[in-house]
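Structure data follow from structure-v2.csv (CSV, C-alpha atoms):
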```
chain,number,residue,atom,x,y,z
A,6,MET,CA,172.2,126.5,103.9
A,7,ALA,CA,171.4,123.1,105.3
A,8,LEU,CA,174.1,120.8,106.7
A,9,SER,CA,174.2,118.0,104.1
A,10,ILE,CA,175.1,114.4,104.9
A,11,ALA,CA,175.1,111.6,102.3
A,12,ILE,CA,175.2,107.9,103.2
A,13,THR,CA,176.1,105.6,100.4
A,14,GLY,CA,177.1,102.0,99.8
A,15,LYS,CA,176.2,98.8,98.0
A,16,SER,CA,172.8,97.2,98.7
A,17,GLY,CA,172.8,95.2,101.9
A,18,SER,CA,175.7,97.1,103.5
A,19,GLY,CA,173.5,98.6,106.2
A,20,LYS,CA,173.0,102.2,104.8
A,21,THR,CA,169.4,102.4,106.1
A,22,THR,CA,170.3,101.1,109.5
A,23,LEU,CA,173.1,103.6,109.9
A,24,THR,CA,170.9,106.4,108.5
A,25,LYS,CA,168.1,105.9,111.0
A,26,ASN,CA,170.4,105.6,114.0
A,27,PHE,CA,172.5,108.5,112.8
A,28,VAL,CA,169.4,110.6,113.0
A,29,LYS,CA,169.0,109.7,116.7
A,30,VAL,CA,172.6,111.0,117.3
A,31,LEU,CA,171.9,114.2,115.3
A,32,LYS,CA,168.7,114.9,117.3
A,33,GLU,CA,170.6,114.4,120.6
A,34,THR,CA,173.6,116.5,119.4
A,35,TYR,CA,171.5,119.4,117.9
A,36,PRO,CA,168.2,119.4,119.9
A,37,GLY,CA,165.5,121.5,118.2
A,38,LYS,CA,167.2,121.5,114.7
A,39,SER,CA,165.0,120.5,111.8
A,40,ILE,CA,166.0,117.4,109.8
A,41,LEU,CA,165.0,116.3,106.4
A,42,LEU,CA,165.5,112.6,105.5
A,43,PHE,CA,165.9,112.2,101.8
A,44,ASP,CA,165.2,108.6,100.7
A,45,ASN,CA,167.1,108.4,97.4
A,46,ASP,CA,167.3,104.6,97.4
A,47,LEU,CA,165.1,102.8,94.9
A,48,SER,CA,164.1,100.3,97.6
A,49,THR,CA,162.5,103.1,99.8
A,50,GLU,CA,163.7,101.0,102.8
A,51,LEU,CA,164.2,104.1,104.9
A,52,ALA,CA,160.5,104.9,104.8
A,53,HIS,CA,159.7,101.3,105.6
A,54,SER,CA,161.9,101.4,108.7
A,55,TYR,CA,159.5,104.0,110.1
A,56,GLY,CA,156.5,101.8,109.4
A,57,MET,CA,155.4,103.8,106.3
A,58,ASP,CA,154.5,102.6,102.9
A,59,VAL,CA,155.2,105.8,101.1
A,60,ARG,CA,153.6,105.9,97.6
A,61,ASN,CA,153.8,109.7,96.9
A,62,THR,CA,157.3,110.4,95.5
A,63,ILE,CA,159.1,113.1,93.5
A,64,TYR,CA,158.9,110.8,90.5
A,65,GLY,CA,155.1,110.8,91.0
A,66,ILE,CA,155.1,114.6,90.7
A,67,ARG,CA,157.1,114.3,87.5
A,68,SER,CA,155.0,111.6,86.0
A,69,GLY,CA,151.6,113.1,87.1
A,70,LYS,CA,150.8,110.1,89.2
A,71,HIS,CA,150.9,111.8,92.6
A,72,GLU,CA,147.8,111.5,94.8
A,73,TYR,CA,147.5,114.9,96.5
A,74,LYS,CA,146.5,115.2,100.2
A,75,THR,CA,144.7,118.5,99.5
A,76,GLY,CA,143.2,120.2,96.5
A,77,ILE,CA,145.6,121.7,94.0
A,78,PRO,CA,145.7,125.5,94.5
A,79,SER,CA,144.6,127.5,91.5
A,80,ARG,CA,146.6,130.1,89.5
A,81,MET,CA,150.1,128.7,90.1
A,82,THR,CA,153.0,128.8,87.7
A,83,LYS,CA,154.6,125.4,86.9
A,84,GLN,CA,157.5,126.1,89.3
A,85,GLU,CA,155.1,127.1,92.1
A,86,TYR,CA,153.1,123.9,91.5
A,87,ILE,CA,156.2,121.7,91.8
A,88,GLU,CA,157.3,123.5,95.0
A,89,TRP,CA,153.8,123.1,96.4
A,90,ALA,CA,153.7,119.4,95.4
A,91,LEU,CA,157.0,118.7,97.2
A,92,GLU,CA,155.6,120.2,100.4
A,93,ASP,CA,152.5,118.0,99.9
A,94,ILE,CA,154.4,114.7,99.8
A,95,LEU,CA,156.5,115.4,102.9
A,96,VAL,CA,155.9,113.0,105.7
A,97,GLU,CA,156.5,113.8,109.3
A,98,VAL,CA,158.2,110.7,110.9
A,99,GLU,CA,159.2,112.2,114.3
A,100,GLU,CA,159.2,115.6,115.9
A,101,ASN,CA,161.4,118.0,113.8
A,102,VAL,CA,162.1,115.1,111.3
A,103,ASP,CA,160.4,114.9,107.9
A,104,LEU,CA,160.9,112.4,105.1
A,105,ILE,CA,160.7,112.6,101.3
A,106,VAL,CA,161.1,109.8,98.8
A,107,SER,CA,162.5,110.4,95.3
A,108,TRP,CA,162.3,107.0,93.7
A,109,LEU,CA,163.1,107.0,89.9
A,110,VAL,CA,165.3,109.9,88.8
A,111,PRO,CA,165.8,111.1,85.2
A,112,SER,CA,169.2,111.3,83.5
A,113,LYS,CA,171.1,114.6,83.6
A,114,ASP,CA,170.9,114.4,79.8
A,115,CYS,CA,167.2,114.9,79.9
A,116,ARG,CA,166.4,118.4,78.6
A,117,CYS,CA,162.8,118.4,79.7
A,118,PRO,CA,162.0,121.7,81.4
A,119,ILE,CA,160.5,119.8,84.4
A,120,THR,CA,163.9,118.2,85.2
A,121,GLY,CA,165.5,121.6,86.0
A,122,GLN,CA,162.3,122.8,87.7
A,123,ILE,CA,162.2,119.9,90.0
A,124,SER,CA,166.0,120.2,90.8
A,125,ASP,CA,165.5,123.9,91.7
A,126,ALA,CA,162.4,123.1,93.8
A,127,VAL,CA,164.2,120.3,95.7
A,128,ALA,CA,167.2,122.6,96.4
A,129,LYS,CA,164.8,125.2,97.8
A,130,LEU,CA,163.1,122.6,99.9
A,131,ILE,CA,166.3,121.3,101.3
A,132,ASN,CA,167.4,124.8,102.4
A,133,GLN,CA,164.3,125.1,104.6
A,134,TYR,CA,165.9,122.6,107.0
A,135,ASP,CA,168.9,122.8,109.3
A,136,ILE,CA,170.1,119.3,108.4
A,137,VAL,CA,169.4,117.0,105.4
A,138,VAL,CA,170.5,113.3,105.4
A,139,PHE,CA,170.4,111.4,102.1
A,140,ASP,CA,170.0,107.7,102.1
A,141,CYS,CA,171.5,107.1,98.6
A,142,GLU,CA,171.7,104.6,95.9
A,143,PHE,CA,175.1,103.0,95.2
A,144,ASP,CA,177.0,106.3,94.9
A,145,LEU,CA,176.4,110.1,94.6
A,146,LYS,CA,175.8,110.1,90.9
A,147,TYR,CA,172.1,109.1,91.2
A,148,LEU,CA,171.5,111.8,93.7
A,149,HIS,CA,173.3,114.3,91.6
A,150,GLN,CA,171.0,113.6,88.7
A,151,LEU,CA,168.1,114.9,90.9
A,152,VAL,CA,169.7,117.8,92.7
A,153,ASP,CA,173.2,119.3,92.6
A,154,ILE,CA,174.2,120.6,96.1
A,155,PRO,CA,177.5,120.4,97.9
A,156,MET,CA,177.9,117.6,100.5
A,157,ASP,CA,179.5,118.4,103.8
A,158,VAL,CA,180.0,114.7,104.6
A,159,THR,CA,179.7,111.6,102.5
A,160,LEU,CA,179.8,108.3,104.5
A,161,ILE,CA,180.5,105.1,102.5
A,162,ILE,CA,179.2,102.0,104.3
A,163,ALA,CA,180.9,98.6,103.7
A,164,THR,CA,180.8,95.2,105.3
A,165,ALA,CA,183.9,93.2,106.3
A,166,THR,CA,184.4,91.4,103.0
A,167,GLU,CA,186.9,92.0,100.3
A,168,GLU,CA,184.1,92.5,97.7
A,169,SER,CA,182.4,95.1,99.8
A,170,ILE,CA,185.6,97.0,100.5
A,171,PHE,CA,186.5,96.8,96.8
A,172,LEU,CA,183.1,98.3,96.0
A,173,ALA,CA,183.6,101.0,98.6
A,174,GLN,CA,186.8,102.0,96.8
A,175,ARG,CA,184.8,102.2,93.6
A,176,ILE,CA,182.1,104.3,95.2
A,177,GLU,CA,184.7,106.7,96.5
A,178,GLU,CA,186.1,107.0,93.0
A,179,PHE,CA,182.7,107.5,91.4
A,180,SER,CA,181.4,109.9,94.0
A,181,ALA,CA,184.5,112.2,94.5
A,182,LYS,CA,183.5,114.7,91.8
A,183,TYR,CA,180.0,115.1,93.3
A,184,ALA,CA,181.2,115.5,96.9
A,185,ALA,CA,182.2,119.1,96.1
A,186,GLY,CA,185.3,118.9,98.3
A,187,GLY,CA,183.5,117.7,101.4
A,188,GLN,CA,184.7,115.0,103.7
A,189,MET,CA,184.4,111.4,102.4
A,190,ALA,CA,184.8,108.6,105.0
A,191,LEU,CA,184.5,104.8,105.1
A,192,ILE,CA,182.6,103.1,107.9
A,193,LEU,CA,182.8,99.3,108.3
A,194,ASN,CA,179.5,97.8,109.4
A,195,ASN,CA,178.6,94.6,111.1
A,196,VAL,CA,182.1,93.6,112.1
A,197,ASN,CA,183.1,90.9,114.6
A,198,ASN,CA,186.5,90.5,116.3
A,199,GLU,CA,187.6,87.6,114.0
A,200,GLN,CA,187.1,89.7,110.9
A,201,TYR,CA,188.9,92.8,112.0
A,202,ASN,CA,192.5,91.6,111.5
A,203,LYS,CA,191.6,90.1,108.1
A,204,ILE,CA,190.1,93.3,106.8
A,205,GLN,CA,193.2,95.3,107.5
A,206,ASP,CA,194.8,93.6,104.5
A,207,TYR,CA,191.9,94.5,102.3
A,208,LEU,CA,192.0,98.1,103.4
A,209,SER,CA,195.7,98.3,102.6
A,210,LYS,CA,195.2,96.6,99.3
A,211,TYR,CA,192.6,99.2,98.2
A,212,SER,CA,194.2,102.2,99.9
A,213,LEU,CA,191.2,103.0,102.2
A,214,GLU,CA,191.2,104.5,105.6
A,215,VAL,CA,188.4,103.7,108.1
A,216,LEU,CA,186.6,106.4,110.0
A,217,GLY,CA,185.0,103.9,112.3
A,218,VAL,CA,183.8,100.4,112.9
A,219,ILE,CA,180.3,99.3,113.9
A,220,PRO,CA,180.2,96.0,115.7
A,221,ARG,CA,177.8,93.2,114.8
A,222,ASP,CA,174.5,93.5,116.6
A,223,LYS,CA,172.9,90.0,116.9
A,224,ALA,CA,169.6,91.5,118.1
A,225,LEU,CA,169.4,93.6,114.9
A,226,ALA,CA,169.9,90.6,112.7
A,227,GLU,CA,167.0,88.9,114.4
A,228,HIS,CA,164.7,92.0,114.4
A,229,SER,CA,165.8,94.3,111.7
A,230,ILE,CA,162.6,95.8,110.2
A,231,ASP,CA,162.6,99.0,112.2
A,232,LYS,CA,166.5,99.2,112.0
A,233,ASN,CA,166.8,100.5,115.6
A,234,SER,CA,170.0,99.5,117.3
A,235,LYS,CA,171.7,100.8,120.5
A,236,VAL,CA,174.9,99.1,119.4
A,237,VAL,CA,174.9,101.1,116.1
A,238,GLU,CA,173.9,104.3,117.8
A,239,ASP,CA,176.7,104.0,120.4
A,240,ALA,CA,179.2,103.3,117.6
A,241,ILE,CA,178.2,106.4,115.7
A,242,LYS,CA,178.5,108.5,118.9
A,243,SER,CA,182.0,107.1,119.4
A,244,MET,CA,183.2,108.2,115.9
A,245,TYR,CA,181.1,111.4,115.6
A,246,PHE,CA,184.0,113.7,116.6
A,247,ARG,CA,185.9,112.6,113.5
A,248,LEU,CA,183.3,114.0,111.2
A,249,ASN,CA,183.6,117.5,109.8
A,250,LEU,CA,180.4,118.5,111.4
A,251,PRO,CA,179.6,121.0,114.2
A,252,GLN,CA,180.6,119.5,117.5
A,253,VAL,CA,178.6,121.8,119.8
A,254,MET,CA,174.9,121.4,120.7
A,255,ASN,CA,174.1,125.1,120.2
A,256,TRP,CA,175.3,125.3,116.6
```

Once more with this new file: its structure as structure tokens, please.
Amino acid sequence: MALSIAITGKSGSGKTTLTKNFVKVLKETYPGKSILLFDNDLSTELAHSYGMDVRNTIYGIRSGKHEYKTGIPSRMTKQEYIEWALEDILVEVEENVDLIVSWLVPSKDCRCPITGQISDAVAKLINQYDIVVFDCEFDLKYLHQLVDIPMDVTLIIATATEESIFLAQRIEEFSAKYAAGGQMALILNNVNNEQYNKIQDYLSKYSLEVLGVIPRDKALAEHSIDKNSKVVEDAIKSMYFRLNLPQVMNW
């Protein structure tokens, strides 16, 4: 089964930046392991950070609007077709790193057969990889509507404001039942020295503990399209040992 990591938070908190730099750390920690990036955010910002305008999505398969790279094989069952279509929309972004975009996701109340078929096919695809990283919408509920798999680690990203920390507490509350007993941790992003003392009061007020803090990167603020940041990458490395993930390179 794939090692599963979900990254959540309100829009603008830095989820995509953390996701992309987290992948660098994962590649360095587990060289040769296969990684699936799962863009579950409606903005599809993760794909954009790799310079890709991804139009083929899981929603496109569901709606019949997908443009296939190859001809559709004949004599497939509906389930086989969906599994084939998911493979067709995968995009290689780096060596051993593929990306897939979900976009719109149906409600769990939808009883259309294709809802369950897509969920089964997505779960099967995920398990072909060693690691899967989900760049999520606000919380885990939206991802759960697409595929129900246990999360090893859920990282909630918040900025150093009371509003963001309050929303992080709500995200933790909303996501707990979907985390399947895995680790849930708060990361504060884009923090400067002046803010740090002030946010301690907010954290106490909302009963939150911080796994780690990512300092403000001025260069990232000026050139943020590709989301690459040595400051963010180094901060992730410094807190990695606190995550419930394998700590050895030969895992």

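For the residues A:Val253, A:Val138, A:Leu51, A:Leu160, ranking by smallest atom-to-atom distance to A:Thr21 using only C-alpha atoms places A:Leu51 first.
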
Here is a test: counting only C-alpha atoms, which residue of A:Phe171, A:Lys182, A:Lys70, A:Ala165 is nearest to A:Asn202?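 Ranking A:Phe171, A:Lys182, A:Lys70, A:Ala165 by distance to A:Asn202, first place goes to A:Ala165.
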
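Restricting the calculation to all atoms listed in the file, the smallest distance between A:Asn249 and any of A:Ile154, A:Ala190, A:Met6, A:Met57 is found for A:Ala190.
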
Polymer residues at most 7 Å from A:Val196, only C-alpha atoms, same-chain spacing of 2 or more positions, as number ranges by chain: A: 165, 193-194, 198, 200-201, 219-221

Local residues around (173.0, 120.7, 103.0), at most 12 Å away, using all atoms listed in the file, as an MDAnalysis selection string: chainID A and resid 6:11 39:43 127:139 152:159 184:185 187 250

Rounded to one decimal place, report the atom CA of A:Met244-atom CA of A:Leu47 distance in Å.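 One can read the atom CA of A:Met244 to atom CA of A:Leu47 distance as 28.2 Å.
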
Rank nothing, just name the residue among A:Leu151, A:Val102, A:Val218, A:Ile63 nearest to A:Lys32, using all atoms listed in the file.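 So, comparing all the options, the nearest one is A:Val102.
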
To one decimal place in Å, what is the distance between atom CA of A:Ser124 and atom CA of A:Lys20? 23.9 Å

Quick one: residues within 8 Å of A:Tyr64, only C-alpha atoms counted, chain neighbours fewer than 2 positions away excluded, as an MDAnalysis selection string? chainID A and resid 62 66:68 107:110

Please indicate the distance in Å from atom CA of A:Lys38 to atom CA of A:Val96, rounded to one decimal place.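 Atom-to-atom, atom CA of A:Lys38 to atom CA of A:Val96, that is 16.8 Å.
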
Do a neighbour search on stretch 76-87 of chain A at 8 Å with all atoms listed in the file, toss out local chain neighbours closer than 3 positions, and write the hits as a PyMOL selection string. chain A and resi 66+73+90-91+122-123+126

Find the residues around A:Phe143 up to 9 Å (only C-alpha atoms counted), leave out those fewer than 6 positions away in its own chain, and share them as a ChimeraX atom specification. /A:13-16,46,176

Any idea what's packed within 7 Å of A:Ser180, counting all atoms listed in the file, ignoring anything in its chain fewer than 6 positions away? Could you give it as an NGL selection string? :A and (144-146)

Selected residue of minimal separation from A:Lys242 among A:Gly217, A:Ile12, A:Glu199, A:Pro118, counting only C-alpha atoms: A:Gly217
